[in-house]
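For reference, entry-v2.pdb is printed below; it contains PDB, C-alpha atoms.
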ATOM      1  CA  MET Y   1       0.000   0.000   0.000  1.00  0.00           C
ATOM      2  CA  THR Y   2       1.207   3.484  -0.823  1.00  0.00           C
ATOM      3  CA  ASN Y   3       0.024   6.768   0.691  1.00  0.00           C
ATOM      4  CA  THR Y   4      -1.542   8.072  -2.516  1.00  0.00           C
ATOM      5  CA  PRO Y   5      -5.076   7.174  -3.584  1.00  0.00           C
ATOM      6  CA  PHE Y   6      -4.009   7.307  -7.258  1.00  0.00           C
ATOM      7  CA  ALA Y   7      -2.973   4.262  -9.260  1.00  0.00           C
ATOM      8  CA  ALA Y   8       0.368   4.538 -11.099  1.00  0.00           C
ATOM      9  CA  LEU Y   9      -0.469   3.118 -14.499  1.00  0.00           C
ATOM     10  CA  PRO Y  10       1.439   2.425 -17.702  1.00  0.00           C
ATOM     11  CA  GLU Y  11       0.570   4.072 -21.006  1.00  0.00           C
ATOM     12  CA  PRO Y  12      -2.778   2.902 -22.459  1.00  0.00           C
ATOM     13  CA  PRO Y  13      -4.194   0.672 -23.724  1.00  0.00           C
ATOM     14  CA  TYR Y  14      -5.152  -1.375 -20.681  1.00  0.00           C
ATOM     15  CA  TYR Y  15      -8.440  -2.431 -19.110  1.00  0.00           C
ATOM     16  CA  SER Y  16     -10.543  -1.194 -16.233  1.00  0.00           C
ATOM     17  CA  VAL Y  17     -13.293  -2.652 -14.086  1.00  0.00           C
ATOM     18  CA  ILE Y  18     -15.584   0.144 -12.897  1.00  0.00           C
ATOM     19  CA  PHE Y  19     -17.454  -1.164  -9.870  1.00  0.00           C
ATOM     20  CA  SER Y  20     -20.183   1.120  -8.465  1.00  0.00           C
ATOM     21  CA  SER Y  21     -21.966  -0.073  -5.370  1.00  0.00           C
ATOM     22  CA  LEU Y  22     -24.378   0.857  -2.645  1.00  0.00           C
ATOM     23  CA  ARG Y  23     -23.641  -0.856   0.668  1.00  0.00           C
ATOM     24  CA  THR Y  24     -26.203  -2.339   2.988  1.00  0.00           C
ATOM     25  CA  GLU Y  25     -26.288  -1.075   6.586  1.00  0.00           C
ATOM     26  CA  GLY Y  26     -23.578  -2.171   9.027  1.00  0.00           C
ATOM     27  CA  ASP Y  27     -20.139  -3.635   8.440  1.00  0.00           C
ATOM     28  CA  ASP Y  28     -20.995  -7.342   8.670  1.00  0.00           C
ATOM     29  CA  GLY Y  29     -17.433  -8.400   7.790  1.00  0.00           C
ATOM     30  CA  TYR Y  30     -17.274  -6.090   4.781  1.00  0.00           C
ATOM     31  CA  GLY Y  31     -14.219  -4.023   5.765  1.00  0.00           C
ATOM     32  CA  ARG Y  32     -12.040  -7.059   6.357  1.00  0.00           C
ATOM     33  CA  MET Y  33     -13.115  -8.610   3.054  1.00  0.00           C
ATOM     34  CA  ALA Y  34     -12.494  -5.368   1.129  1.00  0.00           C
ATOM     35  CA  ASP Y  35      -8.938  -5.102   2.480  1.00  0.00           C
ATOM     36  CA  ARG Y  36      -8.319  -8.756   1.691  1.00  0.00           C
ATOM     37  CA  MET Y  37      -9.606  -8.370  -1.882  1.00  0.00           C
ATOM     38  CA  VAL Y  38      -7.234  -5.459  -2.546  1.00  0.00           C
ATOM     39  CA  GLU Y  39      -4.372  -7.556  -1.196  1.00  0.00           C
ATOM     40  CA  LEU Y  40      -5.452 -10.568  -3.264  1.00  0.00           C
ATOM     41  CA  ALA Y  41      -6.024  -8.578  -6.472  1.00  0.00           C
ATOM     42  CA  SER Y  42      -2.637  -6.916  -6.238  1.00  0.00           C
ATOM     43  CA  GLY Y  43      -0.998 -10.349  -6.330  1.00  0.00           C
ATOM     44  CA  GLN Y  44      -2.894 -11.393  -9.480  1.00  0.00           C
ATOM     45  CA  SER Y  45      -1.171 -11.601 -12.827  1.00  0.00           C
ATOM     46  CA  GLY Y  46      -1.996  -8.571 -14.972  1.00  0.00           C
ATOM     47  CA  TYR Y  47      -3.050  -6.347 -12.046  1.00  0.00           C
ATOM     48  CA  LEU Y  48      -2.013  -2.718 -12.624  1.00  0.00           C
ATOM     49  CA  GLY Y  49      -3.632  -0.767  -9.800  1.00  0.00           C
ATOM     50  CA  VAL Y  50      -6.815   0.327  -8.066  1.00  0.00           C
ATOM     51  CA  GLU Y  51      -8.568   3.537  -7.017  1.00  0.00           C
ATOM     52  CA  SER Y  52     -11.447   3.405  -4.596  1.00  0.00           C
ATOM     53  CA  VAL Y  53     -13.714   5.780  -2.709  1.00  0.00           C
ATOM     54  CA  ARG Y  54     -16.891   5.452  -0.667  1.00  0.00           C
ATOM     55  CA  SER Y  55     -18.905   8.260   0.823  1.00  0.00           C
ATOM     56  CA  ALA Y  56     -20.631   8.281   4.190  1.00  0.00           C
ATOM     57  CA  ASP Y  57     -24.005   7.550   2.558  1.00  0.00           C
ATOM     58  CA  GLY Y  58     -22.764   4.126   1.416  1.00  0.00           C
ATOM     59  CA  PHE Y  59     -22.257   4.768  -2.296  1.00  0.00           C
ATOM     60  CA  GLY Y  60     -18.827   3.881  -3.636  1.00  0.00           C
ATOM     61  CA  ILE Y  61     -16.832   3.550  -6.827  1.00  0.00           C
ATOM     62  CA  THR Y  62     -13.818   1.251  -7.171  1.00  0.00           C
ATOM     63  CA  VAL Y  63     -11.903   1.170 -10.435  1.00  0.00           C
ATOM     64  CA  SER Y  64      -9.336  -1.587 -10.834  1.00  0.00           C
ATOM     65  CA  TYR Y  65      -6.920  -1.647 -13.749  1.00  0.00           C
ATOM     66  CA  TRP Y  66      -5.661  -4.705 -15.612  1.00  0.00           C
ATOM     67  CA  SER Y  67      -3.380  -5.511 -18.502  1.00  0.00           C
ATOM     68  CA  SER Y  68      -5.936  -7.608 -20.411  1.00  0.00           C
ATOM     69  CA  LEU Y  69      -9.459  -9.009 -20.443  1.00  0.00           C
ATOM     70  CA  GLU Y  70      -7.924 -12.405 -19.658  1.00  0.00           C
ATOM     71  CA  ALA Y  71      -6.428 -11.007 -16.449  1.00  0.00           C
ATOM     72  CA  ILE Y  72      -9.885  -9.644 -15.496  1.00  0.00           C
ATOM     73  CA  ALA Y  73     -11.519 -13.001 -16.212  1.00  0.00           C
ATOM     74  CA  ALA Y  74      -8.917 -14.812 -14.090  1.00  0.00           C
ATOM     75  CA  TRP Y  75      -9.491 -12.371 -11.223  1.00  0.00           C
ATOM     76  CA  LYS Y  76     -13.271 -12.765 -11.491  1.00  0.00           C
ATOM     77  CA  SER Y  77     -12.980 -16.546 -11.184  1.00  0.00           C
ATOM     78  CA  ALA Y  78     -10.341 -16.618  -8.410  1.00  0.00           C
ATOM     79  CA  THR Y  79     -11.797 -18.837  -5.687  1.00  0.00           C
ATOM     80  CA  GLU Y  80     -11.580 -16.481  -2.732  1.00  0.00           C
ATOM     81  CA  HIS Y  81     -12.880 -13.617  -4.872  1.00  0.00           C
ATOM     82  CA  ARG Y  82     -15.845 -15.726  -6.011  1.00  0.00           C
ATOM     83  CA  ILE Y  83     -16.807 -16.343  -2.410  1.00  0.00           C
ATOM     84  CA  ALA Y  84     -16.595 -12.581  -1.765  1.00  0.00           C
ATOM     85  CA  GLN Y  85     -18.735 -11.902  -4.844  1.00  0.00           C
ATOM     86  CA  GLU Y  86     -21.434 -14.293  -3.649  1.00  0.00           C
ATOM     87  CA  THR Y  87     -21.417 -12.855  -0.143  1.00  0.00           C
ATOM     88  CA  GLY Y  88     -21.488  -9.363  -1.610  1.00  0.00           C
ATOM     89  CA  LYS Y  89     -24.550 -10.212  -3.659  1.00  0.00           C
ATOM     90  CA  ALA Y  90     -26.311 -11.765  -0.696  1.00  0.00           C
ATOM     91  CA  ARG Y  91     -25.311  -9.397   2.106  1.00  0.00           C
ATOM     92  CA  TRP Y  92     -23.009  -6.449   1.474  1.00  0.00           C
ATOM     93  CA  TYR Y  93     -24.499  -4.694  -1.538  1.00  0.00           C
ATOM     94  CA  GLU Y  94     -27.984  -3.396  -2.071  1.00  0.00           C
ATOM     95  CA  HIS Y  95     -27.116  -2.625  -5.662  1.00  0.00           C
ATOM     96  CA  TYR Y  96     -23.998  -2.736  -7.783  1.00  0.00           C
ATOM     97  CA  GLU Y  97     -23.008  -2.217 -11.380  1.00  0.00           C
ATOM     98  CA  VAL Y  98     -19.909  -3.533 -13.113  1.00  0.00           C
ATOM     99  CA  ARG Y  99     -18.593  -2.013 -16.337  1.00  0.00           C
ATOM    100  CA  ILE Y 100     -15.577  -3.437 -18.087  1.00  0.00           C
ATOM    101  CA  ALA Y 101     -13.844  -0.889 -20.262  1.00  0.00           C
ATOM    102  CA  ARG Y 102     -10.743  -0.542 -22.382  1.00  0.00           C
ATOM    103  CA  VAL Y 103      -8.744   2.558 -21.481  1.00  0.00           C
ATOM    104  CA  GLU Y 104      -7.648   4.223 -24.681  1.00  0.00           C
ATOM    105  CA  ARG Y 105      -6.283   7.562 -23.485  1.00  0.00           C
ATOM    106  CA  ALA Y 106      -5.074   8.991 -20.194  1.00  0.00           C
ATOM    107  CA  TYR Y 107      -3.722  12.288 -18.902  1.00  0.00           C
ATOM    108  CA  GLY Y 108      -3.552  14.125 -15.624  1.00  0.00           C
ATOM    109  CA  LYS Y 109      -2.233  16.930 -13.450  1.00  0.00           C
ATOM    110  CA  ARG Y 110      -0.061  16.588 -10.390  1.00  0.00           C
ATOM    111  CA  SER Y 111       0.720  19.498  -8.124  1.00  0.00           C
TER     112      SER Y 111
ATOM    113  CA  MET O   1     -31.521  14.722 -10.773  1.00  0.00           C
ATOM    114  CA  THR O   2     -32.840  11.345  -9.658  1.00  0.00           C
ATOM    115  CA  ASN O   3     -32.620   9.866  -6.202  1.00  0.00           C
ATOM    116  CA  THR O   4     -30.317   7.005  -7.198  1.00  0.00           C
ATOM    117  CA  PRO O   5     -26.535   7.423  -7.469  1.00  0.00           C
ATOM    118  CA  PHE O   6     -26.454   4.891 -10.326  1.00  0.00           C
ATOM    119  CA  ALA O   7     -26.503   5.858 -14.000  1.00  0.00           C
ATOM    120  CA  ALA O   8     -29.129   4.117 -16.134  1.00  0.00           C
ATOM    121  CA  LEU O   9     -27.157   3.166 -19.233  1.00  0.00           C
ATOM    122  CA  PRO O  10     -27.911   1.461 -22.537  1.00  0.00           C
ATOM    123  CA  GLU O  11     -26.273  -1.779 -23.585  1.00  0.00           C
ATOM    124  CA  PRO O  12     -22.537  -1.441 -24.368  1.00  0.00           C
ATOM    125  CA  PRO O  13     -20.566  -0.362 -26.241  1.00  0.00           C
ATOM    126  CA  TYR O  14     -20.342   3.233 -25.061  1.00  0.00           C
ATOM    127  CA  TYR O  15     -17.594   5.410 -23.618  1.00  0.00           C
ATOM    128  CA  SER O  16     -16.614   6.503 -20.134  1.00  0.00           C
ATOM    129  CA  VAL O  17     -14.503   9.288 -18.678  1.00  0.00           C
ATOM    130  CA  ILE O  18     -13.011   8.135 -15.383  1.00  0.00           C
ATOM    131  CA  PHE O  19     -12.004  11.253 -13.455  1.00  0.00           C
ATOM    132  CA  SER O  20     -10.101  10.679 -10.193  1.00  0.00           C
ATOM    133  CA  SER O  21      -9.217  13.733  -8.189  1.00  0.00           C
ATOM    134  CA  LEU O  22      -7.860  15.010  -4.933  1.00  0.00           C
ATOM    135  CA  ARG O  23      -9.362  18.329  -3.829  1.00  0.00           C
ATOM    136  CA  THR O  24      -7.472  21.223  -2.354  1.00  0.00           C
ATOM    137  CA  GLU O  25      -8.624  22.535   1.040  1.00  0.00           C
ATOM    138  CA  GLY O  26     -11.818  24.602   1.269  1.00  0.00           C
ATOM    139  CA  ASP O  27     -14.733  24.962  -1.107  1.00  0.00           C
ATOM    140  CA  ASP O  28     -13.584  28.064  -3.038  1.00  0.00           C
ATOM    141  CA  GLY O  29     -16.575  27.910  -5.407  1.00  0.00           C
ATOM    142  CA  TYR O  30     -16.073  24.242  -6.147  1.00  0.00           C
ATOM    143  CA  GLY O  31     -19.473  22.921  -5.061  1.00  0.00           C
ATOM    144  CA  ARG O  32     -21.391  25.368  -7.213  1.00  0.00           C
ATOM    145  CA  MET O  33     -19.202  24.619 -10.238  1.00  0.00           C
ATOM    146  CA  ALA O  34     -19.563  20.854  -9.750  1.00  0.00           C
ATOM    147  CA  ASP O  35     -23.362  21.097  -9.686  1.00  0.00           C
ATOM    148  CA  ARG O  36     -23.308  23.342 -12.734  1.00  0.00           C
ATOM    149  CA  MET O  37     -21.039  20.950 -14.654  1.00  0.00           C
ATOM    150  CA  VAL O  38     -23.408  18.021 -14.015  1.00  0.00           C
ATOM    151  CA  GLU O  39     -26.305  20.173 -15.239  1.00  0.00           C
ATOM    152  CA  LEU O  40     -24.335  21.307 -18.280  1.00  0.00           C
ATOM    153  CA  ALA O  41     -23.030  17.824 -19.159  1.00  0.00           C
ATOM    154  CA  SER O  42     -26.482  16.314 -18.967  1.00  0.00           C
ATOM    155  CA  GLY O  43     -27.646  18.710 -21.697  1.00  0.00           C
ATOM    156  CA  GLN O  44     -24.779  17.753 -24.043  1.00  0.00           C
ATOM    157  CA  SER O  45     -25.382  15.607 -27.099  1.00  0.00           C
ATOM    158  CA  GLY O  46     -24.275  12.021 -26.454  1.00  0.00           C
ATOM    159  CA  TYR O  47     -24.400  12.274 -22.650  1.00  0.00           C
ATOM    160  CA  LEU O  48     -25.607   9.013 -21.097  1.00  0.00           C
ATOM    161  CA  GLY O  49     -25.151   9.446 -17.356  1.00  0.00           C
ATOM    162  CA  VAL O  50     -22.789  10.058 -14.452  1.00  0.00           C
ATOM    163  CA  GLU O  51     -21.796   8.453 -11.154  1.00  0.00           C
ATOM    164  CA  SER O  52     -19.785  10.398  -8.635  1.00  0.00           C
ATOM    165  CA  VAL O  53     -18.486  10.012  -5.108  1.00  0.00           C
ATOM    166  CA  ARG O  54     -16.065  11.890  -2.879  1.00  0.00           C
ATOM    167  CA  SER O  55     -14.926  10.886   0.567  1.00  0.00           C
ATOM    168  CA  ALA O  56     -14.315  13.184   3.514  1.00  0.00           C
ATOM    169  CA  ASP O  57     -10.537  13.095   2.895  1.00  0.00           C
ATOM    170  CA  GLY O  58     -10.986  14.871  -0.448  1.00  0.00           C
ATOM    171  CA  PHE O  59     -10.410  11.995  -2.860  1.00  0.00           C
ATOM    172  CA  GLY O  60     -13.150  11.443  -5.415  1.00  0.00           C
ATOM    173  CA  ILE O  61     -14.041   9.482  -8.507  1.00  0.00           C
ATOM    174  CA  THR O  62     -16.531  10.702 -11.111  1.00  0.00           C
ATOM    175  CA  VAL O  63     -17.351   8.493 -14.081  1.00  0.00           C
ATOM    176  CA  SER O  64     -19.353  10.078 -16.884  1.00  0.00           C
ATOM    177  CA  TYR O  65     -20.741   8.017 -19.726  1.00  0.00           C
ATOM    178  CA  TRP O  66     -21.032   9.048 -23.376  1.00  0.00           C
ATOM    179  CA  SER O  67     -22.228   7.596 -26.651  1.00  0.00           C
ATOM    180  CA  SER O  68     -19.001   8.292 -28.553  1.00  0.00           C
ATOM    181  CA  LEU O  69     -15.496   9.749 -28.409  1.00  0.00           C
ATOM    182  CA  GLU O  70     -16.814  12.671 -30.439  1.00  0.00           C
ATOM    183  CA  ALA O  71     -19.344  13.459 -27.708  1.00  0.00           C
ATOM    184  CA  ILE O  72     -16.524  13.398 -25.132  1.00  0.00           C
ATOM    185  CA  ALA O  73     -14.387  15.714 -27.254  1.00  0.00           C
ATOM    186  CA  ALA O  74     -17.292  18.145 -27.649  1.00  0.00           C
ATOM    187  CA  TRP O  75     -17.876  18.134 -23.897  1.00  0.00           C
ATOM    188  CA  LYS O  76     -14.178  18.692 -23.197  1.00  0.00           C
ATOM    189  CA  SER O  77     -14.150  21.753 -25.449  1.00  0.00           C
ATOM    190  CA  ALA O  78     -17.471  23.271 -24.287  1.00  0.00           C
ATOM    191  CA  THR O  79     -16.660  26.848 -23.302  1.00  0.00           C
ATOM    192  CA  GLU O  80     -18.023  26.869 -19.771  1.00  0.00           C
ATOM    193  CA  HIS O  81     -16.462  23.463 -19.116  1.00  0.00           C
ATOM    194  CA  ARG O  82     -13.069  24.692 -20.358  1.00  0.00           C
ATOM    195  CA  ILE O  83     -13.179  27.535 -17.870  1.00  0.00           C
ATOM    196  CA  ALA O  84     -13.996  25.027 -15.114  1.00  0.00           C
ATOM    197  CA  GLN O  85     -11.116  22.808 -16.245  1.00  0.00           C
ATOM    198  CA  GLU O  86      -8.653  25.699 -16.084  1.00  0.00           C
ATOM    199  CA  THR O  87      -9.898  26.799 -12.682  1.00  0.00           C
ATOM    200  CA  GLY O  88      -9.772  23.192 -11.514  1.00  0.00           C
ATOM    201  CA  LYS O  89      -6.161  22.881 -12.583  1.00  0.00           C
ATOM    202  CA  ALA O  90      -5.228  26.148 -10.918  1.00  0.00           C
ATOM    203  CA  ARG O  91      -7.280  25.982  -7.715  1.00  0.00           C
ATOM    204  CA  TRP O  92      -9.586  23.072  -6.993  1.00  0.00           C
ATOM    205  CA  TYR O  93      -7.474  19.984  -7.598  1.00  0.00           C
ATOM    206  CA  GLU O  94      -4.157  19.040  -6.089  1.00  0.00           C
ATOM    207  CA  HIS O  95      -3.974  16.097  -8.442  1.00  0.00           C
ATOM    208  CA  TYR O  96      -6.271  14.500 -10.978  1.00  0.00           C
ATOM    209  CA  GLU O  97      -6.181  11.720 -13.523  1.00  0.00           C
ATOM    210  CA  VAL O  98      -8.446  11.300 -16.533  1.00  0.00           C
ATOM    211  CA  ARG O  99      -8.867   7.966 -18.286  1.00  0.00           C
ATOM    212  CA  ILE O 100     -11.042   7.622 -21.339  1.00  0.00           C
ATOM    213  CA  ALA O 101     -12.297   4.092 -21.816  1.00  0.00           C
ATOM    214  CA  ARG O 102     -14.643   2.156 -24.072  1.00  0.00           C
ATOM    215  CA  VAL O 103     -17.142   0.111 -22.062  1.00  0.00           C
ATOM    216  CA  GLU O 104     -17.398  -3.308 -23.637  1.00  0.00           C
ATOM    217  CA  ARG O 105     -19.401  -5.269 -21.093  1.00  0.00           C
ATOM    218  CA  ALA O 106     -21.708  -4.442 -18.207  1.00  0.00           C
ATOM    219  CA  TYR O 107     -23.761  -6.321 -15.617  1.00  0.00           C
ATOM    220  CA  GLY O 108     -25.159  -5.679 -12.169  1.00  0.00           C
ATOM    221  CA  LYS O 109     -27.353  -6.608  -9.254  1.00  0.00           C
ATOM    222  CA  ARG O 110     -30.295  -4.683  -7.914  1.00  0.00           C
ATOM    223  CA  SER O 111     -32.034  -5.579  -4.704  1.00  0.00           C
TER     224      SER O 111
END

If you convert what's in this file into structure tokens, what do you get?
Amino acid sequence: MTNTPFAALPEPPYYSVIFSSLRTEGDDGYGRMADRMVELASGQSGYLGVESVRSADGFGITVSYWSSLEAIAAWKSATEHRIAQETGKARWYEHYEVRIARVERAYGKRS
Amino acid sequence: MTNTPFAALPEPPYYSVIFSSLRTEGDDGYGRMADRMVELASGQSGYLGVESVRSADGFGITVSYWSSLEAIAAWKSATEHRIAQETGKARWYEHYEVRIARVERAYGKRS
């Protein structure tokens, strides 16, 4: 873990998973799982980085970045992640949307 | 404005602008501009929707969705938006990253 919320990414193209979610009430094991998933993802082949934010009202956006669609598919089917996905569907998320997108251009400003 | 933080989007493909940013201290006109930019964007040709969240520590992610790269380019060069971009660079954002990505697949879960 670094102390910046920004992912350090290579030049495009690469892929992103845009995960928008609305949490249910209460933690219910969510925080521990979320930390573990970041740790697990960052050890996956093709993982490039992640940016994540959640507001106090429970809505959050996490964007993870990957070198290929194959790397995203492998991450989606990783056993421990599948268990988290199922628990998320059943307990942690009222609503979520996943969009898989190919990053074609990137630029930014650092102070 | 609707009462859900989720964008209602058509079937892919479409395009997204993933805007990650770290705010400077204080409001300094930011809140009013942000509201105005959402209003302005939603009137642009090719605008599909937006999802946005910022945490108390000042880090935020806004993802806007568009029908084409041309629509994104037109939005980027809209006069009032260009002024906001310049002011953002100079005053509102310590750091930001923009990634333009083509959404190829989408799925979700609603309670």

Discussion item. Distance cut-off 7 Å, centre (-29.4, -3.2, 0.8) in file coordinates, counting all atoms listed in the file: which residues qualify? Return them as a PyMOL selection string.
Written reply: (chain Y and resi 23-25+93-95) or (chain O and resi 111)

Could the residues in this selection be written to a file with C-alpha atoms, as a compact mmCIF listing (two decimals), in the coordinates of the input?
# COMPACT_ATOMS: atom_id res chain seq x y z
CA ARG Y 23 -23.64 -0.86 0.67
CA THR Y 24 -26.20 -2.34 2.99
CA GLU Y 25 -26.29 -1.08 6.59
CA TYR Y 93 -24.50 -4.69 -1.54
CA GLU Y 94 -27.98 -3.40 -2.07
CA HIS Y 95 -27.12 -2.62 -5.66
CA SER O 111 -32.03 -5.58 -4.70

Please identify every residue of chain Y that has at least one atom no farther than 8 Å from an atom of chain O, counting only C-alpha atoms, and for each give the shortest atom pair and the distance in Å to one decimal, arranged by chain then increasing number, as a Markdown table.
| residue | atom | partner | partner_atom | distance |
| --- | --- | --- | --- | --- |
| Y:Pro5 | CA | O:Phe59 | CA | 7.2 |
| Y:Phe6 | CA | O:Ser20 | CA | 7.6 |
| Y:Ser16 | CA | O:Ala101 | CA | 7.9 |
| Y:Ser20 | CA | O:Phe6 | CA | 7.6 |
| Y:Glu51 | CA | O:Ser20 | CA | 8.0 |
| Y:Ser52 | CA | O:Ile61 | CA | 7.7 |
| Y:Val53 | CA | O:Ser55 | CA | 6.2 |
| Y:Arg54 | CA | O:Ser55 | CA | 5.9 |
| Y:Ser55 | CA | O:Ser55 | CA | 4.8 |
| Y:Ala56 | CA | O:Ser55 | CA | 7.2 |
| Y:Phe59 | CA | O:Val53 | CA | 7.0 |
| Y:Gly60 | CA | O:Val53 | CA | 6.3 |
| Y:Ile61 | CA | O:Ile61 | CA | 6.8 |
| Y:Lys89 | CA | O:Lys109 | CA | 7.2 |
| Y:Glu94 | CA | O:Ser111 | CA | 5.3 |
| Y:His95 | CA | O:Arg110 | CA | 4.4 |
| Y:Tyr96 | CA | O:Lys109 | CA | 5.3 |
| Y:Glu97 | CA | O:Gly108 | CA | 4.2 |
| Y:Val98 | CA | O:Tyr107 | CA | 5.4 |
| Y:Arg99 | CA | O:Ala106 | CA | 4.4 |
| Y:Ile100 | CA | O:Arg105 | CA | 5.2 |
| Y:Ala101 | CA | O:Val103 | CA | 3.9 |
| Y:Arg102 | CA | O:Ala101 | CA | 4.9 |
| Y:Val103 | CA | O:Ala101 | CA | 3.9 |
| Y:Glu104 | CA | O:Ala101 | CA | 5.5 |
| Y:Arg105 | CA | O:Ile100 | CA | 5.2 |
| Y:Ala106 | CA | O:Arg99 | CA | 4.4 |
| Y:Tyr107 | CA | O:Val98 | CA | 5.4 |
| Y:Gly108 | CA | O:Glu97 | CA | 4.1 |
| Y:Lys109 | CA | O:Tyr96 | CA | 5.3 |
| Y:Arg110 | CA | O:His95 | CA | 4.4 |
| Y:Ser111 | CA | O:Glu94 | CA | 5.3 |

How would chain O read as a tab-separated table (two decimals) with C-alpha atoms, keeping the file's coordinate frame once least-squares superposed on chain Y using all paired C-alpha atoms?
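See part.tsv below for the written result:
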chain	number	residue	atom	x	y	z
O	1	MET	CA	-0.18	0.03	0.15
O	2	THR	CA	1.11	3.47	-0.78
O	3	ASN	CA	0.02	6.76	0.69
O	4	THR	CA	-1.54	8.08	-2.52
O	5	PRO	CA	-5.09	7.17	-3.59
O	6	PHE	CA	-4.02	7.31	-7.25
O	7	ALA	CA	-2.97	4.26	-9.26
O	8	ALA	CA	0.36	4.54	-11.09
O	9	LEU	CA	-0.47	3.10	-14.50
O	10	PRO	CA	1.44	2.42	-17.71
O	11	GLU	CA	0.56	4.07	-21.00
O	12	PRO	CA	-2.78	2.90	-22.48
O	13	PRO	CA	-4.19	0.67	-23.73
O	14	TYR	CA	-5.16	-1.37	-20.69
O	15	TYR	CA	-8.44	-2.44	-19.12
O	16	SER	CA	-10.54	-1.20	-16.24
O	17	VAL	CA	-13.29	-2.66	-14.08
O	18	ILE	CA	-15.57	0.14	-12.90
O	19	PHE	CA	-17.46	-1.16	-9.86
O	20	SER	CA	-20.18	1.12	-8.46
O	21	SER	CA	-21.96	-0.06	-5.37
O	22	LEU	CA	-24.37	0.86	-2.65
O	23	ARG	CA	-23.65	-0.83	0.69
O	24	THR	CA	-26.21	-2.34	2.99
O	25	GLU	CA	-26.29	-1.09	6.60
O	26	GLY	CA	-23.57	-2.18	9.03
O	27	ASP	CA	-20.13	-3.63	8.43
O	28	ASP	CA	-20.98	-7.35	8.66
O	29	GLY	CA	-17.41	-8.40	7.77
O	30	TYR	CA	-17.26	-6.10	4.78
O	31	GLY	CA	-14.22	-4.02	5.75
O	32	ARG	CA	-12.02	-7.04	6.33
O	33	MET	CA	-13.10	-8.61	3.03
O	34	ALA	CA	-12.49	-5.37	1.12
O	35	ASP	CA	-8.94	-5.10	2.47
O	36	ARG	CA	-8.31	-8.75	1.69
O	37	MET	CA	-9.62	-8.37	-1.88
O	38	VAL	CA	-7.24	-5.45	-2.55
O	39	GLU	CA	-4.37	-7.55	-1.20
O	40	LEU	CA	-5.44	-10.56	-3.25
O	41	ALA	CA	-6.02	-8.58	-6.47
O	42	SER	CA	-2.64	-6.91	-6.24
O	43	GLY	CA	-0.98	-10.35	-6.33
O	44	GLN	CA	-2.88	-11.41	-9.48
O	45	SER	CA	-1.15	-11.61	-12.84
O	46	GLY	CA	-1.99	-8.57	-14.97
O	47	TYR	CA	-3.05	-6.36	-12.05
O	48	LEU	CA	-2.02	-2.74	-12.62
O	49	GLY	CA	-3.63	-0.77	-9.81
O	50	VAL	CA	-6.81	0.33	-8.06
O	51	GLU	CA	-8.57	3.53	-7.01
O	52	SER	CA	-11.45	3.40	-4.59
O	53	VAL	CA	-13.71	5.77	-2.71
O	54	ARG	CA	-16.88	5.46	-0.66
O	55	SER	CA	-18.89	8.27	0.83
O	56	ALA	CA	-20.61	8.29	4.20
O	57	ASP	CA	-23.99	7.55	2.56
O	58	GLY	CA	-22.76	4.13	1.42
O	59	PHE	CA	-22.25	4.76	-2.29
O	60	GLY	CA	-18.82	3.88	-3.64
O	61	ILE	CA	-16.83	3.54	-6.82
O	62	THR	CA	-13.82	1.24	-7.16
O	63	VAL	CA	-11.90	1.16	-10.43
O	64	SER	CA	-9.33	-1.60	-10.83
O	65	TYR	CA	-6.93	-1.65	-13.74
O	66	TRP	CA	-5.66	-4.71	-15.62
O	67	SER	CA	-3.38	-5.52	-18.51
O	68	SER	CA	-5.94	-7.61	-20.41
O	69	LEU	CA	-9.46	-9.03	-20.45
O	70	GLU	CA	-7.92	-12.41	-19.67
O	71	ALA	CA	-6.44	-11.01	-16.45
O	72	ILE	CA	-9.88	-9.66	-15.50
O	73	ALA	CA	-11.52	-13.01	-16.21
O	74	ALA	CA	-8.92	-14.81	-14.08
O	75	TRP	CA	-9.50	-12.37	-11.23
O	76	LYS	CA	-13.28	-12.77	-11.49
O	77	SER	CA	-12.96	-16.55	-11.18
O	78	ALA	CA	-10.34	-16.61	-8.39
O	79	THR	CA	-11.80	-18.83	-5.68
O	80	GLU	CA	-11.58	-16.48	-2.73
O	81	HIS	CA	-12.88	-13.62	-4.88
O	82	ARG	CA	-15.85	-15.72	-6.02
O	83	ILE	CA	-16.81	-16.33	-2.41
O	84	ALA	CA	-16.60	-12.58	-1.77
O	85	GLN	CA	-18.73	-11.90	-4.85
O	86	GLU	CA	-21.44	-14.30	-3.66
O	87	THR	CA	-21.41	-12.86	-0.16
O	88	GLY	CA	-21.48	-9.37	-1.63
O	89	LYS	CA	-24.54	-10.20	-3.68
O	90	ALA	CA	-26.29	-11.77	-0.72
O	91	ARG	CA	-25.30	-9.40	2.09
O	92	TRP	CA	-23.01	-6.45	1.47
O	93	TYR	CA	-24.48	-4.69	-1.54
O	94	GLU	CA	-27.98	-3.38	-2.06
O	95	HIS	CA	-27.11	-2.62	-5.65
O	96	TYR	CA	-23.99	-2.73	-7.78
O	97	GLU	CA	-23.00	-2.21	-11.37
O	98	VAL	CA	-19.90	-3.53	-13.11
O	99	ARG	CA	-18.60	-2.02	-16.33
O	100	ILE	CA	-15.58	-3.44	-18.08
O	101	ALA	CA	-13.86	-0.88	-20.26
O	102	ARG	CA	-10.74	-0.55	-22.39
O	103	VAL	CA	-8.75	2.56	-21.48
O	104	GLU	CA	-7.65	4.23	-24.68
O	105	ARG	CA	-6.31	7.56	-23.49
O	106	ALA	CA	-5.09	9.00	-20.21
O	107	TYR	CA	-3.72	12.30	-18.91
O	108	GLY	CA	-3.51	14.13	-15.62
O	109	LYS	CA	-2.21	16.92	-13.45
O	110	ARG	CA	-0.05	16.61	-10.39
O	111	SER	CA	0.73	19.52	-8.13

Discussion item. With all atoms listed in the file as the counted atoms, please give the residues lying no more than 12 Å from Gly43 of chain Y, apart from itself and same-chain residues fewer than 4 positions off, as a list in words.
Written reply: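 Residues meeting the cut-off are Arg36, Met37, Val38, Glu39, Tyr47, Leu48, Gly49, Trp66, Ala71, Ala74, Trp75 and Ala78 of chain Y.
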